[in-house]
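Raw my_file-v5.cif, mmCIF, C-alpha atoms:
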```cif
data_input
loop_
_atom_site.label_atom_id
_atom_site.label_comp_id
_atom_site.auth_asym_id
_atom_site.auth_seq_id
_atom_site.Cartn_x
_atom_site.Cartn_y
_atom_site.Cartn_z
CA MET B 1 -14.69 -10.72 16.78
CA THR B 2 -11.15 -10.89 15.42
CA PRO B 3 -11.25 -13.55 12.63
CA GLY B 4 -7.87 -14.90 13.71
CA LYS B 5 -9.23 -16.10 17.05
CA ALA B 6 -10.81 -19.02 15.18
CA TYR B 7 -7.30 -20.24 14.32
CA LEU B 8 -4.95 -18.69 16.89
CA THR B 9 -5.11 -18.64 20.67
CA SER B 10 -4.90 -15.44 22.69
CA ASP B 11 -1.50 -16.60 23.97
CA GLU B 12 -0.31 -16.87 20.36
CA ILE B 13 -1.75 -13.52 19.29
CA ARG B 14 -0.56 -11.49 22.27
CA PRO B 15 3.22 -11.59 21.54
CA LEU B 16 2.59 -11.15 17.82
CA ALA B 17 0.60 -7.98 18.49
CA GLU B 18 3.37 -6.27 20.48
CA ARG B 19 4.25 -2.89 18.94
CA SER B 20 7.79 -1.59 18.87
CA ASN B 21 8.90 2.02 18.63
CA LEU B 22 12.32 0.79 17.52
CA MET B 23 10.97 -1.32 14.66
CA GLY B 24 8.65 1.49 13.59
CA ALA B 25 11.55 3.94 13.46
CA LEU B 26 13.78 1.48 11.61
CA MET B 27 11.16 0.86 8.91
CA VAL B 28 10.55 4.57 8.34
CA LEU B 29 14.30 5.28 8.25
CA HIS B 30 14.82 2.33 5.91
CA CYS B 31 12.16 3.62 3.53
CA TRP B 32 13.53 7.16 3.29
CA GLY B 33 17.13 5.92 3.43
CA THR B 34 16.53 3.64 0.44
CA ILE B 35 15.17 6.60 -1.52
CA ALA B 36 18.27 8.65 -0.67
CA VAL B 37 20.64 5.81 -1.59
CA VAL B 38 19.25 5.23 -5.08
CA VAL B 39 19.28 8.96 -5.85
CA LEU B 40 22.89 9.12 -4.65
CA LEU B 41 23.70 6.08 -6.77
CA PHE B 42 22.46 7.89 -9.87
CA ALA B 43 24.32 11.07 -8.89
CA VAL B 44 27.60 9.12 -8.64
CA TRP B 45 27.01 6.88 -11.69
CA PRO B 46 24.54 8.71 -13.94
CA ASN B 47 23.31 6.37 -16.68
CA VAL B 48 20.10 4.86 -17.99
CA ALA B 49 20.35 1.80 -15.73
CA THR B 50 20.76 3.75 -12.48
CA PHE B 51 18.03 6.19 -13.58
CA LEU B 52 15.52 3.39 -14.17
CA LEU B 53 16.61 1.71 -10.94
CA ALA B 54 15.92 4.93 -9.04
CA ILE B 55 12.47 5.36 -10.62
CA THR B 56 11.36 1.82 -9.80
CA VAL B 57 12.86 1.61 -6.32
CA ILE B 58 11.52 5.03 -5.32
CA GLY B 59 8.08 4.14 -6.71
CA SER B 60 8.11 1.00 -4.61
CA ARG B 61 9.20 3.02 -1.55
CA GLN B 62 6.34 5.43 -2.15
CA LEU B 63 4.17 2.35 -1.88
CA GLY B 64 6.25 1.57 1.21
CA LEU B 65 5.20 4.90 2.71
CA ALA B 66 1.57 4.01 1.98
CA ILE B 67 2.10 0.66 3.71
CA LEU B 68 3.66 2.32 6.75
CA MET B 69 0.77 4.79 6.87
CA HIS B 70 -1.51 1.73 6.73
CA GLU B 71 0.38 0.38 9.75
CA ALA B 72 -0.26 3.66 11.54
CA ALA B 73 -3.96 3.44 10.64
CA HIS B 74 -4.03 0.22 12.68
CA ASN B 75 -1.97 1.86 15.47
CA ALA B 76 0.74 -0.70 14.75
CA LEU B 77 3.60 1.49 13.50
CA PHE B 78 4.65 2.78 16.94
CA ARG B 79 3.68 1.82 20.47
CA ASP B 80 3.23 5.49 21.34
CA ARG B 81 -0.10 6.68 19.87
CA LYS B 82 0.89 10.30 19.33
CA LEU B 83 4.13 9.29 17.63
CA ASN B 84 2.24 6.69 15.59
CA ASP B 85 -0.24 9.25 14.28
CA PHE B 86 2.28 12.03 13.69
CA VAL B 87 4.72 9.88 11.71
CA GLY B 88 1.91 8.07 9.88
CA GLU B 89 0.40 11.40 8.85
CA TRP B 90 3.34 13.70 8.11
CA ILE B 91 6.31 11.44 7.40
CA CYS B 92 4.47 8.65 5.56
CA GLY B 93 1.09 9.92 4.35
CA ARG B 94 1.36 13.56 3.35
CA PRO B 95 4.51 13.05 1.19
CA ILE B 96 2.41 10.85 -1.13
CA LEU B 97 -0.66 13.11 -0.92
CA ALA B 98 -2.38 10.76 1.51
CA GLU B 99 -4.22 11.44 4.75
CA LEU B 100 -4.14 9.13 7.75
CA ALA B 101 -7.52 9.95 9.33
CA ALA B 102 -9.49 9.58 6.09
CA TYR B 103 -7.71 6.35 5.23
CA ARG B 104 -8.25 4.90 8.70
CA HIS B 105 -12.01 5.50 8.52
CA TYR B 106 -12.26 3.93 5.07
CA HIS B 107 -9.93 1.03 5.70
CA LEU B 108 -11.55 -0.21 8.90
CA SER B 109 -14.81 -0.56 6.96
CA HIS B 110 -12.96 -2.73 4.48
CA HIS B 111 -11.81 -5.01 7.30
CA ARG B 112 -15.24 -5.22 8.83
CA PHE B 113 -17.02 -6.12 5.58
CA THR B 114 -14.28 -7.85 3.54
CA GLN B 115 -15.55 -9.14 0.18
CA THR B 116 -19.20 -8.51 1.03
CA GLU B 117 -21.60 -6.03 -0.52
CA LYS B 118 -20.70 -3.51 2.19
CA ASP B 119 -16.97 -3.70 1.49
CA PRO B 120 -15.89 -0.29 0.09
CA ASP B 121 -13.03 -2.08 -1.71
CA LEU B 122 -15.36 -4.49 -3.50
CA VAL B 123 -15.44 -2.21 -6.54
CA LEU B 124 -11.69 -2.82 -6.91
CA SER B 125 -11.78 -6.61 -6.64
CA ALA B 126 -15.14 -7.41 -8.28
CA LYS B 127 -13.73 -6.86 -11.80
CA PHE B 128 -11.38 -9.85 -11.44
CA PRO B 129 -10.74 -12.28 -12.97
CA THR B 130 -10.44 -10.32 -16.19
CA THR B 131 -8.37 -10.83 -19.36
CA ARG B 132 -4.72 -10.34 -20.24
CA LYS B 133 -5.60 -7.52 -22.66
CA SER B 134 -7.50 -5.72 -19.93
CA LEU B 135 -4.57 -6.03 -17.52
CA GLN B 136 -2.14 -4.89 -20.20
CA ARG B 137 -4.23 -1.77 -20.84
CA LYS B 138 -4.34 -1.01 -17.13
CA PHE B 139 -0.59 -1.49 -16.70
CA LEU B 140 0.15 0.65 -19.76
CA ARG B 141 -1.97 3.49 -18.38
CA ASP B 142 -0.09 3.21 -15.09
CA LEU B 143 3.40 3.25 -16.63
CA THR B 144 2.64 6.12 -19.00
CA GLY B 145 1.32 8.34 -16.21
CA GLN B 146 -2.30 8.31 -17.39
CA THR B 147 -3.56 6.74 -14.16
CA GLY B 148 -1.48 9.10 -12.03
CA TYR B 149 -2.73 12.16 -13.92
CA LYS B 150 -6.36 11.02 -13.65
CA GLN B 151 -6.01 10.32 -9.93
CA LEU B 152 -4.25 13.61 -9.23
CA MET B 153 -6.82 15.68 -11.13
CA SER B 154 -9.63 13.82 -9.42
CA GLN B 155 -8.03 14.47 -6.05
CA ILE B 156 -7.64 18.19 -6.76
CA LEU B 157 -11.28 18.49 -7.87
CA MET B 158 -12.40 16.48 -4.85
CA SER B 159 -10.48 18.76 -2.50
CA PHE B 160 -12.22 21.84 -3.91
CA ARG B 161 -15.62 20.10 -3.87
CA LEU B 162 -15.30 19.02 -0.24
CA ALA B 163 -14.02 22.32 1.11
CA GLY B 164 -16.30 23.31 3.99
CA ASP B 165 -18.78 20.47 3.36
CA ASP B 166 -18.47 18.01 6.26
CA ASP B 167 -21.25 15.73 4.99
CA ALA B 168 -19.61 15.37 1.58
CA ARG B 169 -16.23 14.78 3.23
CA HIS B 170 -17.72 11.91 5.27
CA ALA B 171 -19.28 10.34 2.18
CA ALA B 172 -16.00 10.60 0.30
CA THR B 173 -14.30 8.35 2.83
CA GLN B 174 -16.10 5.43 1.17
CA ASP B 175 -14.74 6.21 -2.32
CA ALA B 176 -12.37 3.34 -3.21
CA ALA B 177 -10.73 5.32 -6.00
CA GLN B 178 -9.56 7.88 -3.43
CA ALA B 179 -9.07 5.41 -0.57
CA PHE B 180 -6.11 7.08 1.11
CA LYS B 181 -6.02 10.40 -0.73
CA ALA B 182 -5.85 13.60 1.30
CA ARG B 183 -9.14 15.49 1.53
CA ASP B 184 -7.34 18.64 2.71
CA LEU B 185 -4.98 18.74 -0.23
CA TRP B 186 -3.66 22.13 0.78
CA LYS B 187 -1.95 20.40 3.73
CA SER B 188 -0.32 17.70 1.59
CA LEU B 189 0.76 19.62 -1.50
CA PRO B 190 3.38 21.70 0.38
CA VAL B 191 4.93 18.45 1.69
CA PHE B 192 4.80 16.78 -1.73
CA PHE B 193 6.30 19.75 -3.56
CA GLY B 194 8.67 20.43 -0.68
CA ILE B 195 10.31 17.06 -1.35
CA ILE B 196 10.58 17.93 -5.04
CA LEU B 197 12.17 21.27 -4.15
CA LEU B 198 14.56 19.69 -1.63
CA MET B 199 15.77 17.12 -4.15
CA GLY B 200 16.35 19.93 -6.65
CA LEU B 201 18.34 21.94 -4.11
CA VAL B 202 20.48 19.00 -2.98
CA GLY B 203 21.10 17.65 -6.51
CA GLU B 204 20.41 18.94 -9.99
CA TRP B 205 17.38 21.22 -10.41
CA TRP B 206 15.39 18.46 -12.12
CA TYR B 207 16.03 15.73 -9.53
CA GLY B 208 12.74 16.28 -7.73
CA LEU B 209 10.71 16.00 -10.91
CA ALA B 210 12.61 12.90 -12.01
CA PHE B 211 12.95 11.14 -8.66
CA TRP B 212 9.74 12.05 -6.84
CA PHE B 213 7.08 13.25 -9.26
CA MET B 214 7.85 10.73 -12.03
CA PRO B 215 7.92 7.64 -9.78
CA TYR B 216 4.71 8.82 -8.14
CA MET B 217 2.97 9.18 -11.49
CA THR B 218 4.21 5.88 -12.94
CA TRP B 219 5.77 3.02 -10.97
CA PHE B 220 3.90 3.81 -7.77
CA GLN B 221 0.59 3.58 -9.65
CA LEU B 222 1.60 0.24 -11.17
CA VAL B 223 2.70 -1.44 -7.94
CA LEU B 224 -0.32 -0.02 -6.11
CA ARG B 225 -2.54 -1.74 -8.67
CA VAL B 226 -0.57 -5.01 -8.54
CA ARG B 227 -0.83 -5.00 -4.75
CA ASN B 228 -4.60 -4.44 -4.89
CA ILE B 229 -5.04 -7.24 -7.41
CA ALA B 230 -2.92 -9.68 -5.42
CA GLU B 231 -4.72 -8.98 -2.16
CA HIS B 232 -8.35 -9.50 -3.16
CA GLY B 233 -8.55 -10.00 -6.92
CA ALA B 234 -10.16 -13.31 -7.90
CA THR B 235 -10.74 -14.39 -4.30
CA GLU B 236 -13.95 -15.74 -2.80
CA ARG B 237 -16.93 -13.46 -2.29
CA SER B 238 -17.54 -14.93 1.14
CA ASP B 239 -16.88 -14.39 4.84
CA ASP B 240 -14.20 -17.11 4.92
CA PRO B 241 -11.07 -15.24 6.13
CA LEU B 242 -8.81 -17.93 4.64
CA GLN B 243 -10.29 -17.59 1.14
CA ASN B 244 -11.55 -14.01 0.68
CA VAL B 245 -8.01 -12.60 0.79
CA ARG B 246 -4.70 -13.77 -0.64
CA THR B 247 -1.18 -14.00 0.74
CA THR B 248 1.49 -13.87 -1.96
CA ARG B 249 4.89 -15.38 -1.31
CA ALA B 250 7.40 -12.76 -2.43
CA GLY B 251 11.04 -13.26 -3.35
CA LEU B 252 13.82 -10.71 -2.85
CA LEU B 253 13.26 -8.85 -6.13
CA GLU B 254 9.53 -8.69 -5.54
CA ARG B 255 10.11 -7.25 -2.07
CA VAL B 256 12.43 -4.62 -3.55
CA PHE B 257 10.31 -3.55 -6.51
CA VAL B 258 6.71 -4.54 -5.73
CA ALA B 259 5.96 -5.60 -2.15
CA PRO B 260 7.94 -3.82 0.60
CA TYR B 261 7.45 -4.19 4.34
CA TRP B 262 5.72 -7.57 4.34
CA VAL B 263 2.62 -6.25 2.56
CA ASN B 264 2.37 -9.60 0.77
CA TYR B 265 1.15 -11.32 3.98
CA HIS B 266 -2.34 -9.95 3.52
CA LEU B 267 -4.32 -12.97 4.66
CA GLU B 268 -2.49 -12.91 7.98
CA HIS B 269 -3.11 -9.18 8.29
CA HIS B 270 -6.85 -9.69 7.88
CA LEU B 271 -6.90 -12.42 10.51
CA VAL B 272 -5.49 -10.08 13.18
CA MET B 273 -5.31 -6.57 11.78
CA HIS B 274 -3.45 -4.98 14.71
CA VAL B 275 -0.40 -7.26 14.38
CA PRO B 276 2.57 -5.19 13.11
CA CYS B 277 3.65 -6.04 9.55
CA TRP B 278 7.09 -7.29 10.64
CA GLN B 279 5.38 -9.98 12.75
CA LEU B 280 3.24 -11.32 9.90
CA PRO B 281 5.85 -13.84 8.60
CA LYS B 282 5.90 -15.39 12.08
CA MET B 283 2.10 -15.60 12.10
CA HIS B 284 2.26 -17.21 8.65
CA GLN B 285 4.56 -19.93 9.96
CA ILE B 286 2.29 -20.59 12.96
CA LEU B 287 -0.68 -21.06 10.63
CA LEU B 288 1.31 -23.48 8.47
CA GLN B 289 2.37 -25.44 11.56
CA LYS B 290 -1.31 -25.80 12.43
CA GLY B 291 -1.87 -27.53 9.07
CA LEU B 292 -3.94 -24.72 7.55
CA GLU B 293 -1.93 -24.28 4.33
CA SER B 294 -4.38 -26.25 2.17
CA ARG B 295 -7.25 -24.05 3.37
CA MET B 296 -5.45 -20.74 2.79
CA LYS B 297 -5.58 -18.65 -0.40
CA LEU B 298 -1.88 -18.53 -1.29
CA ALA B 299 0.04 -17.58 -4.43
CA SER B 300 3.62 -18.64 -5.07
CA GLY B 301 4.52 -15.16 -6.36
CA TYR B 302 3.03 -12.04 -7.92
CA ALA B 303 3.15 -13.57 -11.39
CA ARG B 304 0.96 -16.40 -10.10
CA ALA B 305 -1.44 -13.94 -8.44
CA LEU B 306 -1.78 -12.10 -11.74
CA ASP B 307 -2.41 -15.40 -13.51
CA GLU B 308 -5.30 -16.05 -11.16
CA ALA B 309 -6.58 -12.52 -11.86
CA GLY B 310 -6.72 -13.21 -15.61
CA TRP B 311 -3.25 -12.80 -17.13
CA ASN B 312 -3.53 -16.20 -18.84
CA THR B 313 -7.01 -15.45 -20.18
CA ALA B 314 -7.20 -14.25 -23.77
#
```
Just give me the structure of the file as structure tokens.
Amino acid sequence: MTPGKAYLTSDEIRPLAERSNLMGALMVLHCWGTIAVVVLLFAVWPNVATFLLAITVIGSRQLGLAILMHEAAHNALFRDRKLNDFVGEWICGRPILAELAAYRHYHLSHHRFTQTEKDPDLVLSAKFPTTRKSLQRKFLRDLTGQTGYKQLMSQILMSFRLAGDDDARHAATQDAAQAFKARDLWKSLPVFFGIILLMGLVGEWWYGLAFWFMPYMTWFQLVLRVRNIAEHGATERSDDPLQNVRTTRAGLLERVFVAPYWVNYHLEHHLVMHVPCWQLPKMHQILLQKGLESRMKLASGYARALDEAGWNTA
């Protein structure tokens, strides 16, 4: 049963769940267009500020591609199924070394068993709340590329290990550390490095390394971690769909640098997982109008979500 049916009627859910090819296309174009704009901004005004802006915005848009692939995993990116899967796989997933089919299999298990012993994501959330020093160490590893290097090497080794072994490939779909990573890395690497090459051909030779590889290894890893913490870190280990997941209210800067494409409305997403992300703010308002705010796990911003995860703990 869809958890949201305990709080929303079918007449309320039905219009919210309507897919739109137009909205799907606009989000994908917005994501890639934003990447192009910040690179162009640096090319026109090359300085430290525009360089750092490009790194952080592109890293957040790489997370945006992961979010849009997540939409495709729920068949919510496009109304047309073939278009949904093609764009989710090759335009959103493969450029960040991700794989739609593997992620879909893993992620649906997470929805089915949220915050229970069978939840494949439990290993990510069970460590919270933690301490400020622990969070600082994690964030430092992310920003210095240590996390990205570890993940990339692990993914390469996994790809070799799984080659030709269908049983091992199936088991790997439950590995939270590689939740949306491509199992057939040989399909994703040409796309990943093709973007690096294209940026180098269009701009200076080093643009691809600076504006695709570096954001992927640093800022993308940080915001991916922050997103994971905000969604389920320090929430209830229960089957209460209003308390085992958190919605974080995000301001403009947070949406630009940390939480693109309404990913912050995670509680609403878990209530009805096939509702497109651009409809989640509307669902949020309906829930508030029903007087459910006091029962919902909400954070006033990502700083507050991190506080709940242990930032204020010595």
Quick one: residues within 9 Å of range 220-237 of chain B, all atoms listed in the file counted, chain neighbours fewer than 5 positions away excluded, as a ChimeraX atom specification? /B:56,58-63,114-117,121-122,124-130,138-143,145,147-148,215,243-248,257-259,263-267,297,299,302,305-306,308-310
Rounded to one decimal, what separation in Å do you get between CA of Ile96 in chain B and CA of Val28 in chain B?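 Computed distance, CA of Ile96 in chain B to CA of Val28 in chain B, equals 14.0 Å.
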Going by the chain IDs and residue numbers used in this file, which residues fall under the PyMOL selection byres ((chain B and resi 204-208) around 12)? Write them as an MDAnalysis selection string. chainID B and resid 35:36 38:40 42:43 46 51 54:55 58 192:203 209:216
Can you list what the PyMOL selection byres ((chain B and resi 278-290) around 9) grabs from this structure, as a list in words?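 Selection result, ordered by chain and number: Tyr7, Leu8, Glu12, Ile13, Leu16, Ala17, Glu18, Met23, Tyr261, Trp262, Val263, Tyr265, His266, Leu267, Glu268, His269, Val275, Pro276, Cys277, Gly291, Leu292, Glu293 and Ser294 of chain B.
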At what distance in Å, to one decimal, does CA of Tyr103 in chain B lie from CA of Leu152 in chain B? 16.5 Å
Provide the CA of Arg94 in chain B to CA of His110 in chain B distance in Å, to one decimal place.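 Rounded to one decimal, the two atoms are 21.7 Å apart.
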